[in-house]
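Data block for query_35.cif (mmCIF, N, CA and C atoms, pLDDT in the B column; chains and numbers go by the auth columns):
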data_query
loop_
_atom_site.group_PDB
_atom_site.id
_atom_site.type_symbol
_atom_site.label_atom_id
_atom_site.label_comp_id
_atom_site.label_asym_id
_atom_site.label_seq_id
_atom_site.Cartn_x
_atom_site.Cartn_y
_atom_site.Cartn_z
_atom_site.B_iso_or_equiv
_atom_site.auth_seq_id
_atom_site.auth_asym_id
ATOM 1 N N MET A 1 57.851 13.169 69.382 64.00 176 A
ATOM 2 C CA MET A 1 56.940 13.817 68.472 64.00 176 A
ATOM 3 C C MET A 1 56.116 14.844 69.256 64.00 176 A
ATOM 4 N N GLU A 2 55.992 16.037 68.691 73.00 177 A
ATOM 5 C CA GLU A 2 55.248 17.109 69.343 73.00 177 A
ATOM 6 C C GLU A 2 53.750 16.976 69.047 73.00 177 A
ATOM 7 N N SER A 3 52.949 17.132 70.091 78.00 178 A
ATOM 8 C CA SER A 3 51.496 17.043 69.927 78.00 178 A
ATOM 9 C C SER A 3 50.920 18.442 69.727 78.00 178 A
ATOM 10 N N ARG A 4 49.954 18.561 68.851 77.00 179 A
ATOM 11 C CA ARG A 4 49.283 19.849 68.641 77.00 179 A
ATOM 12 C C ARG A 4 47.787 19.606 68.452 77.00 179 A
ATOM 13 N N PRO A 5 46.978 20.585 68.783 75.00 180 A
ATOM 14 C CA PRO A 5 45.535 20.405 68.627 75.00 180 A
ATOM 15 C C PRO A 5 45.166 20.301 67.150 75.00 180 A
ATOM 16 N N PRO A 6 44.070 19.643 66.839 73.00 181 A
ATOM 17 C CA PRO A 6 43.659 19.543 65.433 73.00 181 A
ATOM 18 C C PRO A 6 43.322 20.926 64.872 73.00 181 A
ATOM 19 N N LEU A 7 43.682 21.133 63.641 74.00 182 A
ATOM 20 C CA LEU A 7 43.408 22.407 62.987 74.00 182 A
ATOM 21 C C LEU A 7 42.188 22.271 62.085 74.00 182 A
ATOM 22 N N PRO A 8 41.398 23.323 61.968 77.00 183 A
ATOM 23 C CA PRO A 8 40.225 23.251 61.098 77.00 183 A
ATOM 24 C C PRO A 8 40.649 23.126 59.635 77.00 183 A
ATOM 25 N N PRO A 9 39.816 22.490 58.819 82.00 184 A
ATOM 26 C CA PRO A 9 40.171 22.297 57.402 82.00 184 A
ATOM 27 C C PRO A 9 39.823 23.511 56.545 82.00 184 A
ATOM 28 N N PHE A 10 39.950 24.708 57.110 84.00 185 A
ATOM 29 C CA PHE A 10 39.625 25.905 56.352 84.00 185 A
ATOM 30 C C PHE A 10 40.487 27.071 56.821 84.00 185 A
ATOM 31 N N THR A 11 40.537 28.091 55.993 90.00 186 A
ATOM 32 C CA THR A 11 41.261 29.313 56.339 90.00 186 A
ATOM 33 C C THR A 11 40.251 30.362 56.784 90.00 186 A
ATOM 34 N N LEU A 12 40.728 31.469 57.269 91.00 187 A
ATOM 35 C CA LEU A 12 39.832 32.557 57.665 91.00 187 A
ATOM 36 C C LEU A 12 38.984 32.998 56.472 91.00 187 A
ATOM 37 N N GLN A 13 39.610 33.116 55.310 94.00 188 A
ATOM 38 C CA GLN A 13 38.890 33.573 54.121 94.00 188 A
ATOM 39 C C GLN A 13 37.796 32.585 53.711 94.00 188 A
ATOM 40 N N THR A 14 38.098 31.288 53.712 92.00 189 A
ATOM 41 C CA THR A 14 37.075 30.317 53.316 92.00 189 A
ATOM 42 C C THR A 14 35.988 30.196 54.377 92.00 189 A
ATOM 43 N N ALA A 15 36.323 30.403 55.637 90.00 190 A
ATOM 44 C CA ALA A 15 35.309 30.388 56.700 90.00 190 A
ATOM 45 C C ALA A 15 34.348 31.562 56.528 90.00 190 A
ATOM 46 N N ILE A 16 34.889 32.737 56.236 94.00 191 A
ATOM 47 C CA ILE A 16 34.041 33.915 56.005 94.00 191 A
ATOM 48 C C ILE A 16 33.139 33.690 54.798 94.00 191 A
ATOM 49 N N GLN A 17 33.690 33.116 53.744 94.00 192 A
ATOM 50 C CA GLN A 17 32.905 32.841 52.541 94.00 192 A
ATOM 51 C C GLN A 17 31.758 31.877 52.849 94.00 192 A
ATOM 52 N N LYS A 18 32.035 30.842 53.619 89.00 193 A
ATOM 53 C CA LYS A 18 31.008 29.859 53.959 89.00 193 A
ATOM 54 C C LYS A 18 29.886 30.501 54.781 89.00 193 A
ATOM 55 N N VAL A 19 30.247 31.336 55.734 91.00 194 A
ATOM 56 C CA VAL A 19 29.242 32.014 56.560 91.00 194 A
ATOM 57 C C VAL A 19 28.400 32.949 55.709 91.00 194 A
ATOM 58 N N ARG A 20 29.036 33.696 54.823 94.00 195 A
ATOM 59 C CA ARG A 20 28.286 34.630 53.970 94.00 195 A
ATOM 60 C C ARG A 20 27.328 33.898 53.041 94.00 195 A
ATOM 61 N N LEU A 21 27.730 32.752 52.520 89.00 196 A
ATOM 62 C CA LEU A 21 26.834 31.972 51.668 89.00 196 A
ATOM 63 C C LEU A 21 25.622 31.481 52.458 89.00 196 A
ATOM 64 N N ALA A 22 25.848 31.052 53.691 87.00 197 A
ATOM 65 C CA ALA A 22 24.738 30.614 54.540 87.00 197 A
ATOM 66 C C ALA A 22 23.808 31.780 54.852 87.00 197 A
ATOM 67 N N GLU A 23 24.378 32.932 55.174 92.00 198 A
ATOM 68 C CA GLU A 23 23.565 34.122 55.451 92.00 198 A
ATOM 69 C C GLU A 23 22.756 34.529 54.225 92.00 198 A
ATOM 70 N N ASP A 24 23.383 34.501 53.067 91.00 199 A
ATOM 71 C CA ASP A 24 22.681 34.872 51.835 91.00 199 A
ATOM 72 C C ASP A 24 21.511 33.935 51.560 91.00 199 A
ATOM 73 N N GLY A 25 21.706 32.651 51.829 88.00 200 A
ATOM 74 C CA GLY A 25 20.617 31.690 51.638 88.00 200 A
ATOM 75 C C GLY A 25 19.436 31.993 52.533 88.00 200 A
ATOM 76 N N TRP A 26 19.703 32.209 53.810 88.00 201 A
ATOM 77 C CA TRP A 26 18.624 32.523 54.751 88.00 201 A
ATOM 78 C C TRP A 26 17.990 33.862 54.427 88.00 201 A
ATOM 79 N N ASN A 27 18.797 34.860 54.104 92.00 202 A
ATOM 80 C CA ASN A 27 18.271 36.198 53.844 92.00 202 A
ATOM 81 C C ASN A 27 17.465 36.281 52.556 92.00 202 A
ATOM 82 N N SER A 28 17.599 35.295 51.691 91.00 203 A
ATOM 83 C CA SER A 28 16.824 35.285 50.450 91.00 203 A
ATOM 84 C C SER A 28 15.338 35.062 50.733 91.00 203 A
ATOM 85 N N ARG A 29 15.036 34.425 51.865 88.00 204 A
ATOM 86 C CA ARG A 29 13.659 34.086 52.255 88.00 204 A
ATOM 87 C C ARG A 29 12.976 33.198 51.219 88.00 204 A
ATOM 88 N N ASP A 30 13.776 32.519 50.418 91.00 205 A
ATOM 89 C CA ASP A 30 13.266 31.585 49.421 91.00 205 A
ATOM 90 C C ASP A 30 13.309 30.193 50.035 91.00 205 A
ATOM 91 N N PRO A 31 12.139 29.609 50.344 89.00 206 A
ATOM 92 C CA PRO A 31 12.127 28.305 51.023 89.00 206 A
ATOM 93 C C PRO A 31 12.919 27.222 50.289 89.00 206 A
ATOM 94 N N ALA A 32 12.871 27.214 48.972 89.00 207 A
ATOM 95 C CA ALA A 32 13.599 26.194 48.212 89.00 207 A
ATOM 96 C C ALA A 32 15.109 26.363 48.392 89.00 207 A
ATOM 97 N N ARG A 33 15.567 27.590 48.427 87.00 208 A
ATOM 98 C CA ARG A 33 17.008 27.848 48.600 87.00 208 A
ATOM 99 C C ARG A 33 17.458 27.508 50.020 87.00 208 A
ATOM 100 N N VAL A 34 16.640 27.872 51.006 86.00 209 A
ATOM 101 C CA VAL A 34 16.971 27.566 52.402 86.00 209 A
ATOM 102 C C VAL A 34 16.988 26.053 52.612 86.00 209 A
ATOM 103 N N ALA A 35 16.029 25.351 52.023 86.00 210 A
ATOM 104 C CA ALA A 35 15.908 23.904 52.208 86.00 210 A
ATOM 105 C C ALA A 35 17.117 23.142 51.671 86.00 210 A
ATOM 106 N N GLN A 36 17.842 23.703 50.730 85.00 211 A
ATOM 107 C CA GLN A 36 19.016 23.025 50.168 85.00 211 A
ATOM 108 C C GLN A 36 20.110 22.813 51.203 85.00 211 A
ATOM 109 N N ALA A 37 20.069 23.570 52.287 81.00 212 A
ATOM 110 C CA ALA A 37 21.105 23.459 53.318 81.00 212 A
ATOM 111 C C ALA A 37 20.824 22.340 54.315 81.00 212 A
ATOM 112 N N TYR A 38 19.691 21.662 54.180 84.00 213 A
ATOM 113 C CA TYR A 38 19.287 20.659 55.161 84.00 213 A
ATOM 114 C C TYR A 38 18.963 19.337 54.486 84.00 213 A
ATOM 115 N N SER A 39 19.161 18.249 55.228 86.00 214 A
ATOM 116 C CA SER A 39 18.804 16.934 54.707 86.00 214 A
ATOM 117 C C SER A 39 17.310 16.698 54.928 86.00 214 A
ATOM 118 N N GLU A 40 16.762 15.705 54.247 86.00 215 A
ATOM 119 C CA GLU A 40 15.325 15.428 54.351 86.00 215 A
ATOM 120 C C GLU A 40 14.914 14.987 55.747 86.00 215 A
ATOM 121 N N ASP A 41 15.821 14.387 56.504 89.00 216 A
ATOM 122 C CA ASP A 41 15.461 13.899 57.838 89.00 216 A
ATOM 123 C C ASP A 41 15.861 14.877 58.950 89.00 216 A
ATOM 124 N N THR A 42 16.094 16.142 58.592 84.00 217 A
ATOM 125 C CA THR A 42 16.421 17.156 59.593 84.00 217 A
ATOM 126 C C THR A 42 15.228 17.384 60.506 84.00 217 A
ATOM 127 N N ARG A 43 15.491 17.441 61.805 85.00 218 A
ATOM 128 C CA ARG A 43 14.426 17.713 62.781 85.00 218 A
ATOM 129 C C ARG A 43 14.482 19.187 63.129 85.00 218 A
ATOM 130 N N TRP A 44 13.441 19.926 62.766 80.00 219 A
ATOM 131 C CA TRP A 44 13.395 21.356 63.039 80.00 219 A
ATOM 132 C C TRP A 44 13.047 21.580 64.493 80.00 219 A
ATOM 133 N N ARG A 45 13.683 22.537 65.136 84.00 220 A
ATOM 134 C CA ARG A 45 13.358 22.878 66.518 84.00 220 A
ATOM 135 C C ARG A 45 13.484 24.373 66.702 84.00 220 A
ATOM 136 N N ASN A 46 12.778 24.885 67.684 84.00 221 A
ATOM 137 C CA ASN A 46 12.843 26.303 68.009 84.00 221 A
ATOM 138 C C ASN A 46 14.005 26.547 68.951 84.00 221 A
ATOM 139 N N ARG A 47 14.469 27.769 69.019 81.00 222 A
ATOM 140 C CA ARG A 47 15.597 28.101 69.888 81.00 222 A
ATOM 141 C C ARG A 47 15.270 27.863 71.353 81.00 222 A
ATOM 142 N N ALA A 48 13.999 27.941 71.719 81.00 223 A
ATOM 143 C CA ALA A 48 13.598 27.779 73.118 81.00 223 A
ATOM 144 C C ALA A 48 13.726 26.332 73.587 81.00 223 A
ATOM 145 N N GLU A 49 13.840 25.396 72.668 69.00 224 A
ATOM 146 C CA GLU A 49 13.917 23.973 73.042 69.00 224 A
ATOM 147 C C GLU A 49 15.289 23.607 73.549 69.00 224 A
#
Go ahead and express the file in the form of structure tokens.
Amino acid sequence: MESRPPLPPFTLQTAIQKVRLAEDGWNSRDPARVAQAYSEDTRWRNRAE
């Protein structure tokens, strides 16, 4: 049996769509919309950490 690395469960098109949806959420600057992407127990941190 030939071994191969695991493949992602998405195509290039669906990956681009997912990234654009995330960007649109952040770019909306609407806290309620941004918060939908995170769970209640998410620990926020700054990039410097």
Could you give me the residues within chain A that DSSP places in alpha helix (DSSP H), as a PDB file with N, CA and C atoms, keeping the file's coordinate frame?
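And here is the file that came out, result.pdb:
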ATOM      1  N   LEU A 187      40.728  31.469  57.269  1.00 91.00           N
ATOM      2  CA  LEU A 187      39.832  32.557  57.665  1.00 91.00           C
ATOM      3  C   LEU A 187      38.984  32.998  56.472  1.00 91.00           C
ATOM      4  N   GLN A 188      39.610  33.116  55.310  1.00 94.00           N
ATOM      5  CA  GLN A 188      38.890  33.573  54.121  1.00 94.00           C
ATOM      6  C   GLN A 188      37.796  32.585  53.711  1.00 94.00           C
ATOM      7  N   THR A 189      38.098  31.288  53.712  1.00 92.00           N
ATOM      8  CA  THR A 189      37.075  30.317  53.316  1.00 92.00           C
ATOM      9  C   THR A 189      35.988  30.196  54.377  1.00 92.00           C
ATOM     10  N   ALA A 190      36.323  30.403  55.637  1.00 90.00           N
ATOM     11  CA  ALA A 190      35.309  30.388  56.700  1.00 90.00           C
ATOM     12  C   ALA A 190      34.348  31.562  56.528  1.00 90.00           C
ATOM     13  N   ILE A 191      34.889  32.737  56.236  1.00 94.00           N
ATOM     14  CA  ILE A 191      34.041  33.915  56.005  1.00 94.00           C
ATOM     15  C   ILE A 191      33.139  33.690  54.798  1.00 94.00           C
ATOM     16  N   GLN A 192      33.690  33.116  53.744  1.00 94.00           N
ATOM     17  CA  GLN A 192      32.905  32.841  52.541  1.00 94.00           C
ATOM     18  C   GLN A 192      31.758  31.877  52.849  1.00 94.00           C
ATOM     19  N   LYS A 193      32.035  30.842  53.619  1.00 89.00           N
ATOM     20  CA  LYS A 193      31.008  29.859  53.959  1.00 89.00           C
ATOM     21  C   LYS A 193      29.886  30.501  54.781  1.00 89.00           C
ATOM     22  N   VAL A 194      30.247  31.336  55.734  1.00 91.00           N
ATOM     23  CA  VAL A 194      29.242  32.014  56.560  1.00 91.00           C
ATOM     24  C   VAL A 194      28.400  32.949  55.709  1.00 91.00           C
ATOM     25  N   ARG A 195      29.036  33.696  54.823  1.00 94.00           N
ATOM     26  CA  ARG A 195      28.286  34.630  53.970  1.00 94.00           C
ATOM     27  C   ARG A 195      27.328  33.898  53.041  1.00 94.00           C
ATOM     28  N   LEU A 196      27.730  32.752  52.520  1.00 89.00           N
ATOM     29  CA  LEU A 196      26.834  31.972  51.668  1.00 89.00           C
ATOM     30  C   LEU A 196      25.622  31.481  52.458  1.00 89.00           C
ATOM     31  N   ALA A 197      25.848  31.052  53.691  1.00 87.00           N
ATOM     32  CA  ALA A 197      24.738  30.614  54.540  1.00 87.00           C
ATOM     33  C   ALA A 197      23.808  31.780  54.852  1.00 87.00           C
ATOM     34  N   GLU A 198      24.378  32.932  55.174  1.00 92.00           N
ATOM     35  CA  GLU A 198      23.565  34.122  55.451  1.00 92.00           C
ATOM     36  C   GLU A 198      22.756  34.529  54.225  1.00 92.00           C
ATOM     37  N   ASP A 199      23.383  34.501  53.067  1.00 91.00           N
ATOM     38  CA  ASP A 199      22.681  34.872  51.835  1.00 91.00           C
ATOM     39  C   ASP A 199      21.511  33.935  51.560  1.00 91.00           C
ATOM     40  N   GLY A 200      21.706  32.651  51.829  1.00 88.00           N
ATOM     41  CA  GLY A 200      20.617  31.690  51.638  1.00 88.00           C
ATOM     42  C   GLY A 200      19.436  31.993  52.533  1.00 88.00           C
ATOM     43  N   TRP A 201      19.703  32.209  53.810  1.00 88.00           N
ATOM     44  CA  TRP A 201      18.624  32.523  54.751  1.00 88.00           C
ATOM     45  C   TRP A 201      17.990  33.862  54.427  1.00 88.00           C
ATOM     46  N   ASN A 202      18.797  34.860  54.104  1.00 92.00           N
ATOM     47  CA  ASN A 202      18.271  36.198  53.844  1.00 92.00           C
ATOM     48  C   ASN A 202      17.465  36.281  52.556  1.00 92.00           C
ATOM     49  N   PRO A 206      12.139  29.609  50.344  1.00 89.00           N
ATOM     50  CA  PRO A 206      12.127  28.305  51.023  1.00 89.00           C
ATOM     51  C   PRO A 206      12.919  27.222  50.289  1.00 89.00           C
ATOM     52  N   ALA A 207      12.871  27.214  48.972  1.00 89.00           N
ATOM     53  CA  ALA A 207      13.599  26.194  48.212  1.00 89.00           C
ATOM     54  C   ALA A 207      15.109  26.363  48.392  1.00 89.00           C
ATOM     55  N   ARG A 208      15.567  27.590  48.427  1.00 87.00           N
ATOM     56  CA  ARG A 208      17.008  27.848  48.600  1.00 87.00           C
ATOM     57  C   ARG A 208      17.458  27.508  50.020  1.00 87.00           C
ATOM     58  N   VAL A 209      16.640  27.872  51.006  1.00 86.00           N
ATOM     59  CA  VAL A 209      16.971  27.566  52.402  1.00 86.00           C
ATOM     60  C   VAL A 209      16.988  26.053  52.612  1.00 86.00           C
ATOM     61  N   ALA A 210      16.029  25.351  52.023  1.00 86.00           N
ATOM     62  CA  ALA A 210      15.908  23.904  52.208  1.00 86.00           C
ATOM     63  C   ALA A 210      17.117  23.142  51.671  1.00 86.00           C
TER      64      ALA A 210
END
Return as AutoDock Vina command-line options the centre and edge lengths, in Å with one decimal, of the box along x, y and z that encloses every atom of segment 204-215 of chain A in the file, padded by 4 Å per side.
--center_x 16.6 --center_y 24.7 --center_z 52.0 --size_x 17.0 --size_y 27.4 --size_z 15.5
Who sits within 12 Å of segment 207-220 of chain A, only C-alpha atoms, same chain under 4 positions skipped, as a ChimeraX atom specification
/A:193,196-203,224
Would you write out those residues with N, CA and C atoms, as a CSV table (one decimal), in the coordinates of the input?
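Final file, again09.csv:
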chain,number,residue,atom,x,y,z
A,193,LYS,N,32.0,30.8,53.6
A,193,LYS,CA,31.0,29.9,54.0
A,193,LYS,C,29.9,30.5,54.8
A,196,LEU,N,27.7,32.8,52.5
A,196,LEU,CA,26.8,32.0,51.7
A,196,LEU,C,25.6,31.5,52.5
A,197,ALA,N,25.8,31.1,53.7
A,197,ALA,CA,24.7,30.6,54.5
A,197,ALA,C,23.8,31.8,54.9
A,198,GLU,N,24.4,32.9,55.2
A,198,GLU,CA,23.6,34.1,55.5
A,198,GLU,C,22.8,34.5,54.2
A,199,ASP,N,23.4,34.5,53.1
A,199,ASP,CA,22.7,34.9,51.8
A,199,ASP,C,21.5,33.9,51.6
A,200,GLY,N,21.7,32.7,51.8
A,200,GLY,CA,20.6,31.7,51.6
A,200,GLY,C,19.4,32.0,52.5
A,201,TRP,N,19.7,32.2,53.8
A,201,TRP,CA,18.6,32.5,54.8
A,201,TRP,C,18.0,33.9,54.4
A,202,ASN,N,18.8,34.9,54.1
A,202,ASN,CA,18.3,36.2,53.8
A,202,ASN,C,17.5,36.3,52.6
A,203,SER,N,17.6,35.3,51.7
A,203,SER,CA,16.8,35.3,50.4
A,203,SER,C,15.3,35.1,50.7
A,224,GLU,N,13.8,25.4,72.7
A,224,GLU,CA,13.9,24.0,73.0
A,224,GLU,C,15.3,23.6,73.5
Just the number, please: distance in Å from atom C of Leu182 of chain A to atom CA of Val194 of chain A, one decimal.
17.1 Å
